[in-house]
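**Student:** This is the content of entry.cif (mmCIF, C-alpha atoms and all ligand atoms):
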```cif
data_model
loop_
_atom_site.label_atom_id
_atom_site.label_comp_id
_atom_site.auth_asym_id
_atom_site.auth_seq_id
_atom_site.Cartn_x
_atom_site.Cartn_y
_atom_site.Cartn_z
CA VAL A 1 -9.26 -23.47 9.22
CA SER A 2 -5.99 -22.19 7.86
CA ALA A 3 -6.01 -20.89 4.28
CA GLY A 4 -2.32 -21.49 4.07
CA ARG A 5 -0.10 -23.42 1.71
CA THR A 6 3.28 -25.03 2.14
CA VAL A 7 6.20 -25.14 -0.28
CA ARG A 8 9.02 -27.57 0.45
CA VAL A 9 12.51 -26.32 -0.26
CA GLY A 10 16.02 -27.76 -0.23
CA ARG A 11 17.49 -31.22 -0.08
CA GLY A 12 18.63 -33.78 2.43
CA SER A 13 19.36 -32.36 5.84
CA HIS A 14 18.78 -28.86 4.43
CA ARG A 15 15.11 -29.49 3.66
CA TYR A 16 12.64 -27.02 5.09
CA ALA A 17 9.05 -25.95 4.70
CA VAL A 18 7.90 -22.48 3.70
CA ARG A 19 4.41 -21.90 5.10
CA ILE A 20 2.45 -19.15 3.42
CA GLY A 21 -0.88 -17.83 4.63
CA PRO A 22 -2.86 -15.08 6.32
CA ALA A 23 -2.13 -16.52 9.77
CA ALA A 24 1.12 -18.40 9.22
CA LEU A 25 2.68 -16.91 12.34
CA ALA A 26 0.15 -18.75 14.51
CA GLU A 27 1.67 -22.03 13.33
CA LEU A 28 5.02 -21.17 14.91
CA PRO A 29 4.57 -23.23 18.12
CA ASP A 30 3.60 -26.32 16.09
CA VAL A 31 6.47 -25.82 13.68
CA LEU A 32 8.96 -25.47 16.53
CA ALA A 33 7.59 -28.62 18.16
CA GLN A 34 7.86 -30.59 14.91
CA LEU A 35 11.48 -29.48 14.56
CA GLY A 36 12.24 -30.39 18.15
CA LEU A 37 13.02 -26.75 18.88
CA ASP A 38 10.14 -26.06 21.28
CA GLY A 39 12.28 -26.36 24.39
CA HIS A 40 14.91 -24.03 22.95
CA ARG A 41 15.55 -20.51 24.11
CA ALA A 42 14.23 -18.11 21.50
CA ALA A 43 16.23 -15.07 20.40
CA ILE A 44 14.00 -12.82 18.34
CA VAL A 45 15.94 -10.45 16.09
CA THR A 46 13.84 -7.64 14.63
CA ASP A 47 13.93 -3.96 13.77
CA ARG A 48 12.20 -1.22 15.71
CA THR A 49 9.52 -0.60 13.10
CA VAL A 50 8.50 -4.25 12.94
CA GLU A 51 8.74 -4.51 16.72
CA ARG A 52 6.38 -1.55 17.15
CA LEU A 53 3.87 -2.80 14.56
CA HIS A 54 3.92 -6.54 15.11
CA GLY A 55 6.10 -7.40 18.11
CA SER A 56 3.15 -8.02 20.44
CA ARG A 57 1.64 -10.45 17.91
CA LEU A 58 4.80 -12.56 17.84
CA ARG A 59 5.07 -12.51 21.63
CA ALA A 60 1.44 -13.57 21.92
CA VAL A 61 2.03 -16.46 19.52
CA LEU A 62 5.04 -17.62 21.51
CA GLY A 63 3.11 -17.19 24.75
CA GLY A 64 4.86 -18.70 27.71
CA ALA A 65 6.02 -21.64 25.62
CA ALA A 66 9.69 -20.76 25.56
CA GLU A 67 12.11 -18.37 27.11
CA VAL A 68 12.21 -15.39 24.78
CA SER A 69 14.66 -12.50 24.41
CA LEU A 70 14.29 -9.69 21.91
CA PHE A 71 17.09 -7.94 20.04
CA SER A 72 15.85 -4.93 18.11
CA VAL A 73 17.96 -2.81 15.75
CA PRO A 74 17.02 0.46 14.08
CA PRO A 75 15.43 -0.16 10.66
CA GLY A 76 17.31 0.17 7.40
CA GLU A 77 20.10 -1.23 5.26
CA ARG A 78 22.64 0.88 7.18
CA GLU A 79 22.15 -1.38 10.18
CA LYS A 80 23.17 -4.58 8.39
CA THR A 81 26.66 -4.31 9.83
CA ARG A 82 29.31 -6.23 11.71
CA ARG A 83 28.66 -3.85 14.60
CA ARG A 84 25.03 -4.99 14.93
CA TRP A 85 26.15 -8.59 14.52
CA GLU A 86 28.60 -8.05 17.38
CA GLU A 87 25.99 -6.36 19.58
CA ILE A 88 23.48 -9.15 19.15
CA THR A 89 26.10 -11.86 19.57
CA ASP A 90 27.45 -10.21 22.73
CA GLY A 91 23.87 -9.89 24.01
CA LEU A 92 23.30 -13.61 23.51
CA LEU A 93 26.58 -14.47 25.23
CA ALA A 94 25.83 -12.15 28.17
CA ALA A 95 22.42 -13.75 28.59
CA GLY A 96 24.01 -17.18 28.57
CA PHE A 97 22.36 -18.50 25.41
CA GLY A 98 23.73 -21.96 24.68
CA ARG A 99 23.49 -24.47 21.88
CA ASP A 100 19.77 -24.81 22.64
CA THR A 101 19.14 -21.44 20.98
CA VAL A 102 16.78 -20.81 18.12
CA VAL A 103 17.14 -17.45 16.37
CA MET A 104 13.97 -15.96 14.92
CA ALA A 105 14.48 -13.43 12.15
CA PHE A 106 11.37 -11.25 12.36
CA GLY A 107 11.57 -8.52 9.73
CA GLY A 108 12.51 -7.72 6.17
CA GLY A 109 15.57 -8.85 4.28
CA VAL A 110 17.89 -6.72 6.41
CA VAL A 111 16.84 -8.49 9.60
CA GLY A 112 16.79 -11.84 7.78
CA ASP A 113 20.37 -11.48 6.57
CA LEU A 114 21.64 -10.09 9.89
CA ALA A 115 19.85 -12.59 12.14
CA GLY A 116 20.77 -15.41 9.77
CA PHE A 117 24.42 -14.45 10.04
CA VAL A 118 24.20 -14.29 13.82
CA ALA A 119 22.71 -17.80 13.78
CA ALA A 120 25.31 -19.06 11.29
CA THR A 121 28.17 -17.99 13.52
CA TYR A 122 26.85 -18.19 17.09
CA LEU A 123 28.61 -21.13 18.78
CA ARG A 124 29.51 -22.21 15.20
CA GLY A 125 25.89 -22.31 14.20
CA VAL A 126 22.47 -22.52 15.82
CA PRO A 127 19.10 -22.93 14.06
CA VAL A 128 17.33 -19.96 12.51
CA VAL A 129 13.67 -19.64 11.63
CA GLN A 130 12.82 -16.94 9.12
CA LEU A 131 9.67 -14.92 9.82
CA PRO A 132 9.67 -12.47 6.88
CA THR A 133 7.56 -9.31 7.20
CA THR A 134 8.16 -7.68 3.79
CA LEU A 135 7.05 -9.05 0.45
CA LEU A 136 10.67 -8.97 -0.73
CA ALA A 137 11.77 -11.11 2.18
CA MET A 138 8.87 -13.51 1.53
CA VAL A 139 9.54 -14.01 -2.19
CA ASP A 140 13.29 -13.78 -2.07
CA ALA A 141 15.52 -13.07 0.94
CA SER A 142 14.11 -15.57 3.46
CA VAL A 143 14.62 -18.53 1.12
CA GLY A 144 17.92 -19.93 -0.08
CA GLY A 145 20.17 -19.67 2.95
CA LYS A 146 22.30 -16.65 2.09
CA THR A 147 23.07 -14.59 5.19
CA GLY A 148 25.47 -11.74 5.81
CA VAL A 149 26.27 -8.13 6.50
CA ASP A 150 27.50 -5.12 4.56
CA THR A 151 30.92 -3.48 4.90
CA PRO A 152 32.21 -0.09 3.74
CA ALA A 153 33.65 -1.92 0.69
CA GLY A 154 30.24 -3.09 -0.45
CA LYS A 155 27.00 -4.93 0.24
CA ASN A 156 26.82 -8.52 1.45
CA LEU A 157 30.58 -9.04 1.38
CA VAL A 158 30.82 -10.89 4.69
CA GLY A 159 28.46 -13.77 5.29
CA ALA A 160 27.68 -17.45 5.24
CA PHE A 161 25.29 -19.96 3.76
CA HIS A 162 22.96 -20.96 6.57
CA PRO A 163 19.57 -22.30 5.46
CA PRO A 164 16.64 -21.72 7.80
CA ARG A 165 14.93 -24.63 9.56
CA ALA A 166 11.56 -23.17 8.58
CA VAL A 167 10.05 -20.09 6.96
CA LEU A 168 6.65 -18.69 7.95
CA ALA A 169 5.31 -16.02 5.59
CA ASP A 170 2.33 -14.45 7.36
CA LEU A 171 0.49 -12.34 4.78
CA GLU A 172 -1.42 -10.34 7.42
CA LEU A 173 1.87 -8.64 8.27
CA LEU A 174 1.92 -7.06 4.81
CA ARG A 175 -1.12 -4.88 5.69
CA THR A 176 1.22 -2.31 7.26
CA LEU A 177 3.88 -2.46 4.56
CA PRO A 178 4.38 0.85 2.69
CA ALA A 179 3.34 0.71 -1.00
CA ARG A 180 6.87 1.32 -2.20
CA GLU A 181 8.16 -1.68 -0.25
CA LEU A 182 5.34 -3.82 -1.62
CA ARG A 183 6.27 -2.85 -5.18
CA GLY A 184 9.89 -3.79 -4.48
CA GLY A 185 8.81 -7.35 -3.73
CA LEU A 186 6.62 -7.39 -6.82
CA ALA A 187 9.61 -6.40 -8.98
CA GLU A 188 11.50 -9.49 -7.79
CA ALA A 189 8.45 -11.64 -8.53
CA VAL A 190 8.39 -10.28 -12.08
CA LYS A 191 12.04 -11.27 -12.23
CA HIS A 192 11.12 -14.85 -11.33
CA GLY A 193 8.49 -14.93 -14.05
CA ALA A 194 10.77 -13.40 -16.68
CA LEU A 195 13.49 -15.94 -15.89
CA ALA A 196 11.56 -19.11 -15.38
CA ASP A 197 7.83 -18.92 -15.97
CA ALA A 198 6.21 -16.84 -18.74
CA PRO A 199 2.59 -17.63 -17.72
CA TYR A 200 3.45 -16.46 -14.20
CA LEU A 201 4.77 -13.14 -15.55
CA ARG A 202 1.60 -12.61 -17.60
CA ARG A 203 -0.61 -13.49 -14.66
CA ILE A 204 1.21 -10.98 -12.44
CA GLY A 205 0.44 -8.31 -15.04
CA ARG A 206 -3.25 -9.25 -15.07
CA ALA A 207 -3.51 -9.36 -11.26
CA ALA A 208 -1.59 -6.10 -10.79
CA ASP A 209 -4.38 -4.12 -9.15
CA ALA A 210 -5.21 -6.82 -6.61
CA LEU A 211 -1.51 -7.35 -5.90
CA LEU A 212 -1.00 -3.63 -5.30
CA ARG A 213 -3.82 -3.81 -2.75
CA ALA A 214 -1.96 -6.72 -1.10
CA GLU A 215 -5.06 -8.93 -1.35
CA THR A 216 -4.45 -12.20 0.40
CA ARG A 217 -5.35 -14.62 -2.39
CA PRO A 218 -3.20 -13.26 -5.21
CA VAL A 219 -0.32 -12.48 -2.85
CA SER A 220 -0.42 -15.99 -1.40
CA TRP A 221 -0.31 -17.43 -4.89
CA LEU A 222 2.53 -15.08 -5.86
CA VAL A 223 4.69 -15.89 -2.83
CA ALA A 224 4.22 -19.62 -3.38
CA ARG A 225 5.08 -19.45 -7.06
CA SER A 226 8.14 -17.24 -6.51
CA VAL A 227 9.42 -19.40 -3.66
CA ARG A 228 9.11 -22.49 -5.89
CA ILE A 229 11.10 -20.85 -8.66
CA LYS A 230 13.79 -19.56 -6.35
CA ALA A 231 13.96 -22.91 -4.56
CA ARG A 232 14.38 -24.77 -7.84
CA VAL A 233 17.30 -22.58 -8.95
CA VAL A 234 18.93 -22.58 -5.52
CA GLY A 235 18.41 -26.35 -5.20
CA ARG A 236 20.51 -26.94 -8.30
CA ASP A 237 23.24 -24.54 -7.18
CA PRO A 238 23.05 -23.88 -3.43
CA LEU A 239 26.46 -22.22 -3.12
CA GLU A 240 26.13 -19.90 -6.15
CA ARG A 241 28.81 -21.40 -8.30
CA SER A 242 26.79 -21.26 -11.51
CA GLU A 243 23.06 -21.28 -12.12
CA ARG A 244 22.09 -19.26 -9.08
CA ALA A 245 23.60 -16.26 -10.86
CA LEU A 246 20.42 -16.22 -12.97
CA LEU A 247 18.65 -14.64 -10.02
CA ASN A 248 20.71 -11.53 -10.79
CA PHE A 249 18.62 -10.87 -13.89
CA GLY A 250 18.23 -7.08 -14.14
CA HIS A 251 20.66 -6.50 -11.30
CA THR A 252 23.80 -5.47 -13.22
CA LEU A 253 22.39 -2.07 -14.16
CA ALA A 254 20.15 -2.00 -11.07
CA HIS A 255 23.12 -1.95 -8.72
CA ALA A 256 24.73 0.77 -10.86
CA LEU A 257 21.53 2.81 -10.87
CA GLU A 258 21.02 2.48 -7.10
CA ALA A 259 24.56 3.64 -6.44
CA GLU A 260 24.38 6.43 -9.03
CA SER A 261 21.15 7.75 -7.43
CA GLY A 262 22.90 7.92 -4.06
CA PHE A 263 20.49 5.16 -2.97
CA THR A 264 17.45 7.43 -3.28
CA MET A 265 16.14 4.97 -5.84
CA ALA A 266 14.74 1.87 -4.17
CA HIS A 267 16.28 -1.49 -5.04
CA GLY A 268 13.04 -2.80 -6.58
CA GLU A 269 12.66 0.29 -8.75
CA ALA A 270 16.22 -0.06 -9.98
CA VAL A 271 15.68 -3.77 -10.67
CA SER A 272 12.57 -2.88 -12.64
CA VAL A 273 14.49 -0.57 -14.98
CA GLY A 274 17.43 -2.98 -15.05
CA MET A 275 15.29 -5.89 -16.24
CA VAL A 276 13.83 -3.92 -19.12
CA ALA A 277 17.35 -2.78 -20.04
CA ALA A 278 18.74 -6.34 -19.91
CA ALA A 279 15.93 -7.52 -22.18
CA ARG A 280 16.56 -4.65 -24.60
CA ILE A 281 20.28 -5.45 -24.60
CA GLY A 282 19.42 -9.06 -25.44
CA GLU A 283 17.15 -7.91 -28.22
CA ALA A 284 19.89 -5.62 -29.59
CA LEU A 285 22.30 -8.56 -29.60
CA GLY A 286 19.80 -10.79 -31.39
CA VAL A 287 19.75 -13.15 -28.38
CA THR A 288 16.34 -12.22 -26.97
CA ARG A 289 13.11 -12.63 -28.95
CA PRO A 290 11.95 -9.17 -30.03
CA GLY A 291 8.97 -8.12 -27.94
CA VAL A 292 10.21 -9.64 -24.67
CA ALA A 293 11.38 -6.27 -23.31
CA GLY A 294 8.00 -4.78 -24.16
CA GLU A 295 6.12 -7.54 -22.34
CA ILE A 296 8.26 -7.22 -19.22
CA ALA A 297 7.88 -3.42 -19.30
CA ALA A 298 4.10 -3.70 -19.64
CA ALA A 299 3.81 -5.94 -16.55
CA LEU A 300 6.06 -3.61 -14.56
CA ALA A 301 4.15 -0.51 -15.65
CA ARG A 302 0.90 -2.08 -14.42
CA LEU A 303 2.59 -2.51 -11.05
CA ALA A 304 3.50 1.21 -11.08
CA LEU A 305 7.17 0.35 -11.35
CA PRO A 306 9.55 2.46 -13.47
CA THR A 307 10.66 1.15 -16.87
CA ARG A 308 12.99 3.94 -17.99
CA PHE A 309 16.16 5.48 -16.59
CA PRO A 310 15.50 8.74 -14.73
CA GLU A 311 15.90 11.92 -16.75
CA GLY A 312 19.50 13.12 -16.76
CA SER A 313 20.97 9.65 -16.14
CA ASP A 314 24.62 9.50 -17.15
CA ALA A 315 25.04 6.43 -19.37
CA ALA A 316 28.85 6.51 -19.14
CA ALA A 317 28.78 6.63 -15.35
CA LEU A 318 26.25 3.79 -15.16
CA LEU A 319 28.36 1.74 -17.54
CA ALA A 320 31.50 2.30 -15.49
CA ARG A 321 29.70 1.13 -12.36
CA ALA A 322 28.15 -1.84 -14.12
CA ALA A 323 31.58 -2.96 -15.29
CA LEU A 324 32.79 -2.79 -11.68
CA ASP A 325 29.94 -5.00 -10.49
CA LYS A 326 31.23 -8.27 -9.07
CA LYS A 327 30.10 -10.05 -12.23
CA GLY A 328 32.29 -7.88 -14.47
CA ARG A 329 35.70 -8.88 -15.74
CA GLU A 330 38.19 -6.86 -17.76
CA GLY A 331 36.04 -3.75 -17.60
CA ARG A 332 33.16 -5.30 -19.52
CA PRO A 333 29.82 -5.61 -17.79
CA ARG A 334 28.24 -9.05 -17.51
CA PHE A 335 24.52 -9.64 -17.88
CA VAL A 336 21.99 -12.36 -17.39
CA LEU A 337 20.17 -12.47 -20.75
CA LEU A 338 16.96 -14.12 -21.84
CA ARG A 339 16.21 -16.03 -25.03
CA ASP A 340 12.53 -15.70 -24.39
CA LEU A 341 10.23 -15.13 -21.43
CA GLY A 342 10.89 -17.92 -18.96
CA GLU A 343 13.96 -19.04 -20.85
CA PRO A 344 17.41 -17.76 -19.90
CA HIS A 345 20.27 -17.65 -22.38
CA VAL A 346 22.83 -20.22 -21.26
CA VAL A 347 25.93 -20.96 -23.34
CA GLY A 348 28.27 -23.80 -22.46
CA GLY A 349 27.45 -23.58 -18.76
CA ASP A 350 27.77 -19.79 -18.69
CA PHE A 351 24.80 -18.13 -17.10
CA THR A 352 26.09 -14.55 -17.49
CA HIS A 353 27.48 -12.92 -20.60
CA GLU A 354 29.92 -10.13 -21.32
CA VAL A 355 28.39 -7.39 -23.37
CA GLU A 356 30.15 -4.81 -25.51
CA PRO A 357 30.00 -1.46 -23.62
CA ALA A 358 28.75 0.35 -26.74
CA VAL A 359 25.65 -1.87 -26.85
CA VAL A 360 24.85 -1.18 -23.19
CA ARG A 361 25.36 2.51 -23.69
CA ALA A 362 23.06 2.72 -26.69
CA VAL A 363 20.30 0.89 -24.79
CA VAL A 364 20.67 3.09 -21.70
CA GLU A 365 20.58 6.26 -23.79
CA GLY A 366 17.54 5.03 -25.67
CA MET A 367 15.76 4.36 -22.37
CA THR A 368 16.57 7.64 -20.59
CA GLY A 369 14.05 10.36 -19.73
N1 LIG B 401 19.63 -13.42 1.50
C1 LIG B 401 19.14 -13.26 0.30
O1 LIG B 401 19.07 -14.20 -0.51
C2 LIG B 401 18.62 -11.91 -0.10
C3 LIG B 401 17.88 -11.78 -1.28
C4 LIG B 401 17.37 -10.53 -1.59
C5 LIG B 401 17.61 -9.44 -0.76
N2 LIG B 401 18.35 -9.62 0.37
C6 LIG B 401 18.61 -8.48 1.26
O2 LIG B 401 17.37 -8.00 1.75
C7 LIG B 401 17.51 -6.63 2.11
C8 LIG B 401 16.30 -5.89 1.63
O3 LIG B 401 15.15 -6.44 2.26
P1 LIG B 401 13.81 -5.60 2.45
O4 LIG B 401 13.44 -4.96 1.16
O5 LIG B 401 12.84 -6.47 3.12
O6 LIG B 401 14.29 -4.39 3.37
P2 LIG B 401 14.19 -4.09 4.95
O7 LIG B 401 14.45 -5.27 5.75
O8 LIG B 401 15.04 -2.89 5.16
O9 LIG B 401 12.66 -3.65 5.11
C9 LIG B 401 12.20 -2.51 4.44
C10 LIG B 401 11.50 -1.53 5.41
O10 LIG B 401 10.22 -2.04 5.73
C11 LIG B 401 10.02 -2.03 7.14
N3 LIG B 401 9.10 -3.13 7.41
C12 LIG B 401 9.39 -4.46 7.44
N4 LIG B 401 8.27 -5.16 7.60
C13 LIG B 401 7.25 -4.29 7.69
C14 LIG B 401 5.84 -4.40 7.84
N5 LIG B 401 5.25 -5.60 7.89
N6 LIG B 401 5.10 -3.27 7.90
C15 LIG B 401 5.69 -2.06 7.80
N7 LIG B 401 7.00 -1.88 7.63
C16 LIG B 401 7.77 -2.97 7.58
C17 LIG B 401 11.39 -2.17 7.71
O11 LIG B 401 11.45 -1.65 9.01
C18 LIG B 401 12.21 -1.34 6.73
O12 LIG B 401 12.16 0.01 7.06
C19 LIG B 401 18.81 -6.16 1.52
O13 LIG B 401 19.75 -6.02 2.54
C20 LIG B 401 19.21 -7.29 0.59
O14 LIG B 401 20.62 -7.41 0.47
C21 LIG B 401 18.84 -10.82 0.70
ZN ZN B 402 17.11 -7.86 -5.96
#
```
Is it possible to give me this structure as structure tokens?
**Tutor:**
Amino acid sequence: VSAGRTVRVGRGSHRYAVRIGPAALAELPDVLAQLGLDGHRAAIVTDRTVERLHGSRLRAVLGGAAEVSLFSVPPGEREKTRRRWEEITDGLLAAGFGRDTVVMAFGGGVVGDLAGFVAATYLRGVPVVQLPTTLLAMVDASVGGKTGVDTPAGKNLVGAFHPPRAVLADLELLRTLPARELRGGLAEAVKHGALADAPYLRRIGRAADALLRAETRPVSWLVARSVRIKARVVGRDPLERSERALLNFGHTLAHALEAESGFTMAHGEAVSVGMVAAARIGEALGVTRPGVAGEIAAALARLALPTRFPEGSDAAALLARAALDKKGREGRPRFVLLRDLGEPHVVGGDFTHEVEPAVVRAVVEGMTG
């Protein structure tokens, strides 16, 4: 008996199921058959860490059912490049993969974005199935159809929208995930609660200890709830023209902080601090109900995530970077702001808001050390 659940995402021909459970991977053959992809040649894209830990499990699940090739890249954000895209694409071409190809993205968000971009472009597009192996990829990256690679000019600047045909989030895979990576996924789940679902945020805080132990029940519930929230936002704005920008809550200062730390600070940690800062900025502007920043910070602290800028942070440098963020115009940083927990501040169709640099600076300085 499978203890799994299914969340349906997308619309029309872009509808797909996200299966979540302790043995979701075992459902892969059935899922492929239902999609009419069971006779296809499978191209598994993964990274070497995931291959070492879980590669044999995926191969066992696929059995002799389909012809399978494996493309494995070294782990890490640095590998999300056009060069890896080219290598994998050339590998597929050399092996004679045709239109009857199904790409399987077996890894974290890096593999998901890279494999998704390979699938989006190979022979002008072949199906991709997302098999996320990190909590961040389960709650965020595997859903919504954004794919792409990084360039020296910045992250995610070359890519395509290419929704998966299915997503299988197998919670057993999280047993090997380092604690820091787990917390990164939890930070994005807190983001979903803060933006769209106050009871969810509070429940994450209460379940913090079980979540940090990656217990199946609470994690299954968390992935399902986050996927629903992300799917709802993405469903209303699939190509990120407007509302989807809400999912950048906390990310304006997070991107600045990540860059300023020389990327020693993890993305999830930076998002954690960035969300508290965005809530404080909203409170300072009189937009956000007082107390919201405190509630967000309390949930994050229970998850052992940071809620203050590291000692010695340079507010002016962070501000300069935040203003350069792709959301910024005319040197002023733009922020997603909340009115209350679960309730974003939206004015006349604007989902992000320019904020006076002095306000940002005062909040950053008040939250440093
Ligand atoms: N497409 C989107 O909508 C979207 C959304 C959010 C983030 N992203 C992208 O996702 C990426 C970050 O994803 P991530 O945090 O999953 O990083 P990641 O893919 O680099 O994985 C983090 C680390 O965990 C390892 N790992 C993966 N699964 C494991 C497991 N089960 N056990 C042990 N180790 C495991 C990986 O080898 C890697 O070293 C970024 O590139 C970001 O831009 C995309
Ligand atoms: Zn993020």
**Student:** If the limit is 7 Å from any atom of ligand LIG 401 (chain B), counting all atoms listed in the file, which residues qualify? Return them as a ChimeraX atom specification.
**Tutor:** /A:47-50,53,75-77,80,107-111,113,133-137,140-147,155-156,173-178,181,184
**Student:** When the cut-off is 8 Å and you count all atoms listed in the file, which residues lie near ligand ZN 402 (chain B), shown as a PyMOL selection string?
**Tutor:** chain A and resi 188+248+251+267-268+271
**Student:** Just C-alpha atoms for this one: save the residues we selected as a CSV table (one decimal), in the frame of the given file.
**Tutor:**
```
chain,number,residue,atom,x,y,z
A,188,GLU,CA,11.5,-9.5,-7.8
A,248,ASN,CA,20.7,-11.5,-10.8
A,251,HIS,CA,20.7,-6.5,-11.3
A,267,HIS,CA,16.3,-1.5,-5.0
A,268,GLY,CA,13.0,-2.8,-6.6
A,271,VAL,CA,15.7,-3.8,-10.7
```
**Student:** I'd like the interatomic distance between atom CA of Ala277 of chain A and atom CA of Val355 of chain A, to a tenth of an Å.
**Tutor:**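 Taking atom CA of Ala277 of chain A as the start and atom CA of Val355 of chain A as the end point, the length is 12.4 Å.
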**Student:** Rounded to one decimal in Å, what is the spacing between atom CA of Ala120 of chain A and atom CA of Arg5 of chain A?
**Tutor:**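 Distance reported for this atom pair: 27.5 Å.
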**Student:** What is the distance, in Å and to one decimal place, between atom CA of Asp314 of chain A and atom CA of Val360 of chain A?
**Tutor:**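 So the two atoms, atom CA of Asp314 of chain A and atom CA of Val360 of chain A, lie 12.3 Å apart.
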**Student:** Of the candidates A:Arg57, A:Arg334, A:His162, A:Arg280, which one gets nearest to Pro238 of chain A if we count only C-alpha atoms?
**Tutor:**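 Checking each candidate against Pro238 of chain A, we get A:His162 as the closest.
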**Student:** Identify, on the basis of all atoms listed in the file, every residue whose closest approach to Val102 of chain A does not exceed 9 Å; exclude the query and any residue fewer than 6 positions from it along the same chain; express the result as an mmCIF file with C-alpha atoms, in the coordinates of the input.
**Tutor:**
```cif
data_model
loop_
_atom_site.group_PDB
_atom_site.id
_atom_site.type_symbol
_atom_site.label_atom_id
_atom_site.label_comp_id
_atom_site.auth_asym_id
_atom_site.auth_seq_id
_atom_site.Cartn_x
_atom_site.Cartn_y
_atom_site.Cartn_z
ATOM 1 C CA LEU A 37 13.020 -26.750 18.880
ATOM 2 C CA HIS A 40 14.910 -24.030 22.950
ATOM 3 C CA ARG A 41 15.550 -20.510 24.110
ATOM 4 C CA ALA A 42 14.230 -18.110 21.500
ATOM 5 C CA ALA A 43 16.230 -15.070 20.400
ATOM 6 C CA ILE A 44 14.000 -12.820 18.340
ATOM 7 C CA ALA A 119 22.710 -17.800 13.780
ATOM 8 C CA VAL A 126 22.470 -22.520 15.820
ATOM 9 C CA PRO A 127 19.100 -22.930 14.060
ATOM 10 C CA VAL A 128 17.330 -19.960 12.510
ATOM 11 C CA VAL A 129 13.670 -19.640 11.630
#
```
**Student:** Can you list, as a list in words, every protein, DNA or RNA residue that comes within 7 Å of Ala270 of chain A when you count all atoms listed in the file, leaving out same-chain residues fewer than 5 positions away?
**Tutor:**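 My list of contacting residues is Ala254, Leu257, Glu258 and Met265 of chain A.
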**Student:** Between A:Ala189, A:Ala297, A:Ala160, A:Leu70, which has the minimum distance to Ser56 of chain A (counting all atoms listed in the file)?
**Tutor:**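 Using all atoms listed in the file, the shortest distance to Ser56 of chain A belongs to A:Leu70.
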